[in-house]
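Here's the structure we're looking at; comments come further down.
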Amino acid sequence: MVGPARKREAVGHLQRELELSQRRACKVVGQPRATQRRPPQPDAAEARLRERLQAFSRQRPRAGYRTACGQLRQEGLRVNVKRVHRLWREEGLKVPRKQCKKRRLGTSANGRQRRVATRPNEVWSCDFVSDQTTDGRRLKFLCVVDEFTRECLALEVRRSFRAQDVIAVLAGLIAQRGAPAHLRSDNGPEFVALAVQTWLKANAIGALYIAPGSPWENAYVESFNSRLRDEHLNREAFASLLEAQVLAAGWRRDYNEARPHSALEYLAPVVFAARWRAPVGAPPLPAHASAETLKP
């Protein structure tokens, strides 16, 4: 059964395309002219009912309109199942045939969900991203990110990395910024090497190794990797290692100093970090404070 709204659209279509009069178009469609000329006014109660159905569908994606009707009746609303069915279809709600499995926190105590950075220079994240030059030779990018300020602290490009190379990059960062409290990474051989673990202990840096096969536990650097891939690597063809290093340095500078970051109230990471001005070793700052409230 076609509703008045659909008939009203059909009448308008006939008038535009076939140049029929409103009287004749209404007769063809079976729409009273009074209904055509006076469109229904929005119903506030129906709008609230539509919002409640949307919320119910998000809360219980495997439930249909009959279950939704029963829930509404339990809440004290007097609704007809036919009305709920009509609104359900008009809102485009349906039970999906395929489901996406939800990942829980898991058992790892080193994941981002359980060890959250509460101040700048508290947790650094490390990871590798691979690409290649135009001659097919491999390029490897070492990414180091401050989880709180989202700054890209290092974006080193080489053909390959050993444990000593990782130590050299981290040592250079510590000389500039001071040592972080923790370093989060996966279980790659460059990070779990005995030399790296020994060096971290010597510098009083806690190693947070995420669970194997759980990249979501290192979410901040994985998010950075996706931005690096989408905004830089997929747009550039590197003729040589030197070219890749120069372009990576320019992109990192733009990412830190100019690119707005949605998680930082659309501030650039360097601007957000400057508003905190937290010295190394300072007590933790509020984890969810607004940037506006932290202006000096």
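Numbering starts fresh at 1 for the residues of each chain in the structure tokens, the chains themselves are lettered A, B, ... in the order given, and ligands are numbered from 1 as they appear.
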
Long-range neighbours of segment 161-177 of chain A as a short mmCIF file (atom, residue, chain, number, x, y, z; two decimals) with N, CA and C atoms, in the first residue's frame, 7 Å cut-off, only C-alpha atoms, 2 positions minimum in chain:
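As a result, around.cif now contains:
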```
data_model
loop_
_atom_site.label_atom_id
_atom_site.label_comp_id
_atom_site.auth_asym_id
_atom_site.auth_seq_id
_atom_site.Cartn_x
_atom_site.Cartn_y
_atom_site.Cartn_z
N ARG A 158 64.95 3.49 6.53
CA ARG A 158 66.16 2.74 6.17
C ARG A 158 65.73 1.53 5.35
N ALA A 179 63.49 10.83 28.95
CA ALA A 179 63.05 9.44 28.82
C ALA A 179 61.58 9.30 29.15
N GLU A 190 63.02 -6.71 16.45
CA GLU A 190 63.82 -5.51 16.74
C GLU A 190 63.49 -4.93 18.11
N PHE A 191 62.28 -5.22 18.63
CA PHE A 191 61.86 -4.67 19.91
C PHE A 191 62.09 -5.61 21.08
N ALA A 193 64.50 -7.85 21.26
CA ALA A 193 65.90 -8.28 21.33
C ALA A 193 66.46 -8.00 22.72
N ALA A 195 69.31 -6.88 23.56
CA ALA A 195 70.00 -5.59 23.63
C ALA A 195 69.03 -4.46 23.92
N VAL A 196 67.86 -4.49 23.28
CA VAL A 196 66.85 -3.46 23.51
C VAL A 196 66.31 -3.54 24.93
#
```

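When only C-alpha atoms are used to compute distances to His261 of chain A, the closest of the residues A:Leu139, A:Glu151, A:Leu183, A:Gly178 turns out to be A:Glu151.
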
* Within 9 Å of segment 140-147 of chain A, counting only C-alpha atoms, which residues qualify if same-chain residues fewer than 6 places away don't, as an MDAnalysis selection string? -> chainID A and resid 116:117 119:132 153:161 166 169:170 220:221 224:225 248

Residue selection dump (C-alpha atoms) as an mmCIF file, in the first residue's frame:
```cif
data_model
loop_
_atom_site.group_PDB
_atom_site.id
_atom_site.type_symbol
_atom_site.label_atom_id
_atom_site.label_comp_id
_atom_site.auth_asym_id
_atom_site.auth_seq_id
_atom_site.Cartn_x
_atom_site.Cartn_y
_atom_site.Cartn_z
ATOM 1 C CA VAL A 116 46.444 4.904 29.187
ATOM 2 C CA ALA A 117 48.847 7.838 28.890
ATOM 3 C CA ARG A 119 50.531 13.251 30.346
ATOM 4 C CA PRO A 120 53.034 14.064 27.615
ATOM 5 C CA ASN A 121 56.205 11.991 27.453
ATOM 6 C CA GLU A 122 54.664 9.201 29.532
ATOM 7 C CA VAL A 123 54.040 6.495 26.886
ATOM 8 C CA TRP A 124 55.735 6.238 23.492
ATOM 9 C CA SER A 125 54.515 3.794 20.851
ATOM 10 C CA CYS A 126 56.771 2.190 18.248
ATOM 11 C CA ASP A 127 56.026 0.271 15.071
ATOM 12 C CA PHE A 128 57.317 -0.377 11.556
ATOM 13 C CA VAL A 129 55.713 0.402 8.192
ATOM 14 C CA SER A 130 57.052 -1.094 4.953
ATOM 15 C CA ASP A 131 57.178 0.332 1.453
ATOM 16 C CA GLN A 132 59.579 0.176 -1.497
ATOM 17 C CA LEU A 153 58.598 11.889 17.540
ATOM 18 C CA ALA A 154 60.556 9.986 14.895
ATOM 19 C CA LEU A 155 60.001 8.772 11.344
ATOM 20 C CA GLU A 156 63.241 7.051 10.390
ATOM 21 C CA VAL A 157 63.622 5.467 6.941
ATOM 22 C CA ARG A 158 66.157 2.743 6.172
ATOM 23 C CA ARG A 159 66.443 -0.391 4.126
ATOM 24 C CA SER A 160 66.417 -2.478 7.308
ATOM 25 C CA PHE A 161 66.613 -2.032 11.057
ATOM 26 C CA VAL A 166 66.258 1.112 17.188
ATOM 27 C CA VAL A 169 66.848 6.340 17.369
ATOM 28 C CA LEU A 170 65.369 6.118 20.866
ATOM 29 C CA TYR A 220 47.618 5.111 18.547
ATOM 30 C CA VAL A 221 50.599 4.108 16.451
ATOM 31 C CA PHE A 224 49.261 6.989 12.781
ATOM 32 C CA ASN A 225 50.432 4.253 10.420
ATOM 33 C CA ALA A 248 59.348 11.627 5.186
#
```

* To do: For each of A:Ser262, A:Thr35, A:Ser223, A:Gln71, take the minimum atom-to-atom distance to Arg52 of chain A, counting only C-alpha atoms, then give the residue where this is smallest.
  =>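 Under the stated criterion, the closest residue is A:Gln71.
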
Report as a tab-separated table (two decimals) with N, CA and C atoms, in the first residue's frame all protein, DNA and RNA residues lying within 10 Å of Arg62 of chain A, evaluated on only C-alpha atoms, omitting residues in the same chain fewer than 6 positions from it.
```tsv
chain	number	residue	atom	x	y	z
A	94	LYS	N	16.70	-2.75	9.84
A	94	LYS	CA	16.55	-4.17	9.55
A	94	LYS	C	17.62	-4.95	10.29
A	95	VAL	N	17.39	-6.24	10.41
A	95	VAL	CA	18.35	-7.12	11.06
A	95	VAL	C	19.42	-7.50	10.04
A	96	PRO	N	20.69	-7.16	10.26
A	96	PRO	CA	21.72	-7.48	9.27
A	96	PRO	C	21.93	-8.98	9.15
A	97	ARG	N	22.17	-9.42	7.92
A	97	ARG	CA	22.40	-10.84	7.70
A	97	ARG	C	23.75	-11.30	8.24
A	99	GLN	N	27.14	-10.45	10.74
A	99	GLN	CA	27.53	-9.73	11.93
A	99	GLN	C	29.04	-9.56	11.96
```

* Would you kindly return, as a list in words, each protein, DNA or RNA residue with an atom no farther than 12 Å from any atom of Lys82 of chain A, considering only C-alpha atoms and excluding same-chain residues fewer than 3 positions away? =>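 Contacts, in chain order: Tyr65, Arg66, Ala68, Cys69, Val79, His85, Arg86, Leu87, Trp88 and Arg89 of chain A.
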
Any chance you could export the current selection's N, CA and C atoms as a JSON list (two decimals), in the first residue's frame?
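The result, written out as result-v8.json:
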```json
[["chain", "number", "residue", "atom", "x", "y", "z"],
["A", 65, "TYR", "N", 11.26, -5.63, 14.37],
["A", 65, "TYR", "CA", 10.27, -4.63, 14.76],
["A", 65, "TYR", "C", 9.28, -5.17, 15.77],
["A", 66, "ARG", "N", 9.01, -6.48, 15.74],
["A", 66, "ARG", "CA", 8.08, -7.04, 16.72],
["A", 66, "ARG", "C", 8.66, -6.94, 18.13],
["A", 68, "ALA", "N", 10.87, -4.78, 19.03],
["A", 68, "ALA", "CA", 10.87, -3.35, 19.35],
["A", 68, "ALA", "C", 9.51, -2.90, 19.85],
["A", 69, "CYS", "N", 8.44, -3.41, 19.22],
["A", 69, "CYS", "CA", 7.10, -3.06, 19.66],
["A", 69, "CYS", "C", 6.85, -3.55, 21.08],
["A", 79, "VAL", "N", 1.35, 1.55, 21.40],
["A", 79, "VAL", "CA", 1.70, 1.54, 19.98],
["A", 79, "VAL", "C", 1.14, 0.29, 19.33],
["A", 85, "HIS", "N", 5.91, -1.27, 12.52],
["A", 85, "HIS", "CA", 6.47, -1.86, 11.29],
["A", 85, "HIS", "C", 6.65, -0.80, 10.21],
["A", 86, "ARG", "N", 5.68, 0.09, 10.06],
["A", 86, "ARG", "CA", 5.79, 1.14, 9.05],
["A", 86, "ARG", "C", 6.96, 2.07, 9.33],
["A", 87, "LEU", "N", 7.06, 2.51, 10.57],
["A", 87, "LEU", "CA", 8.17, 3.42, 10.92],
["A", 87, "LEU", "C", 9.52, 2.71, 10.83],
["A", 88, "TRP", "N", 9.51, 1.43, 11.20],
["A", 88, "TRP", "CA", 10.75, 0.64, 11.13],
["A", 88, "TRP", "C", 11.28, 0.60, 9.70],
["A", 89, "ARG", "N", 10.36, 0.37, 8.74],
["A", 89, "ARG", "CA", 10.78, 0.30, 7.34],
["A", 89, "ARG", "C", 11.13, 1.67, 6.79]]
```
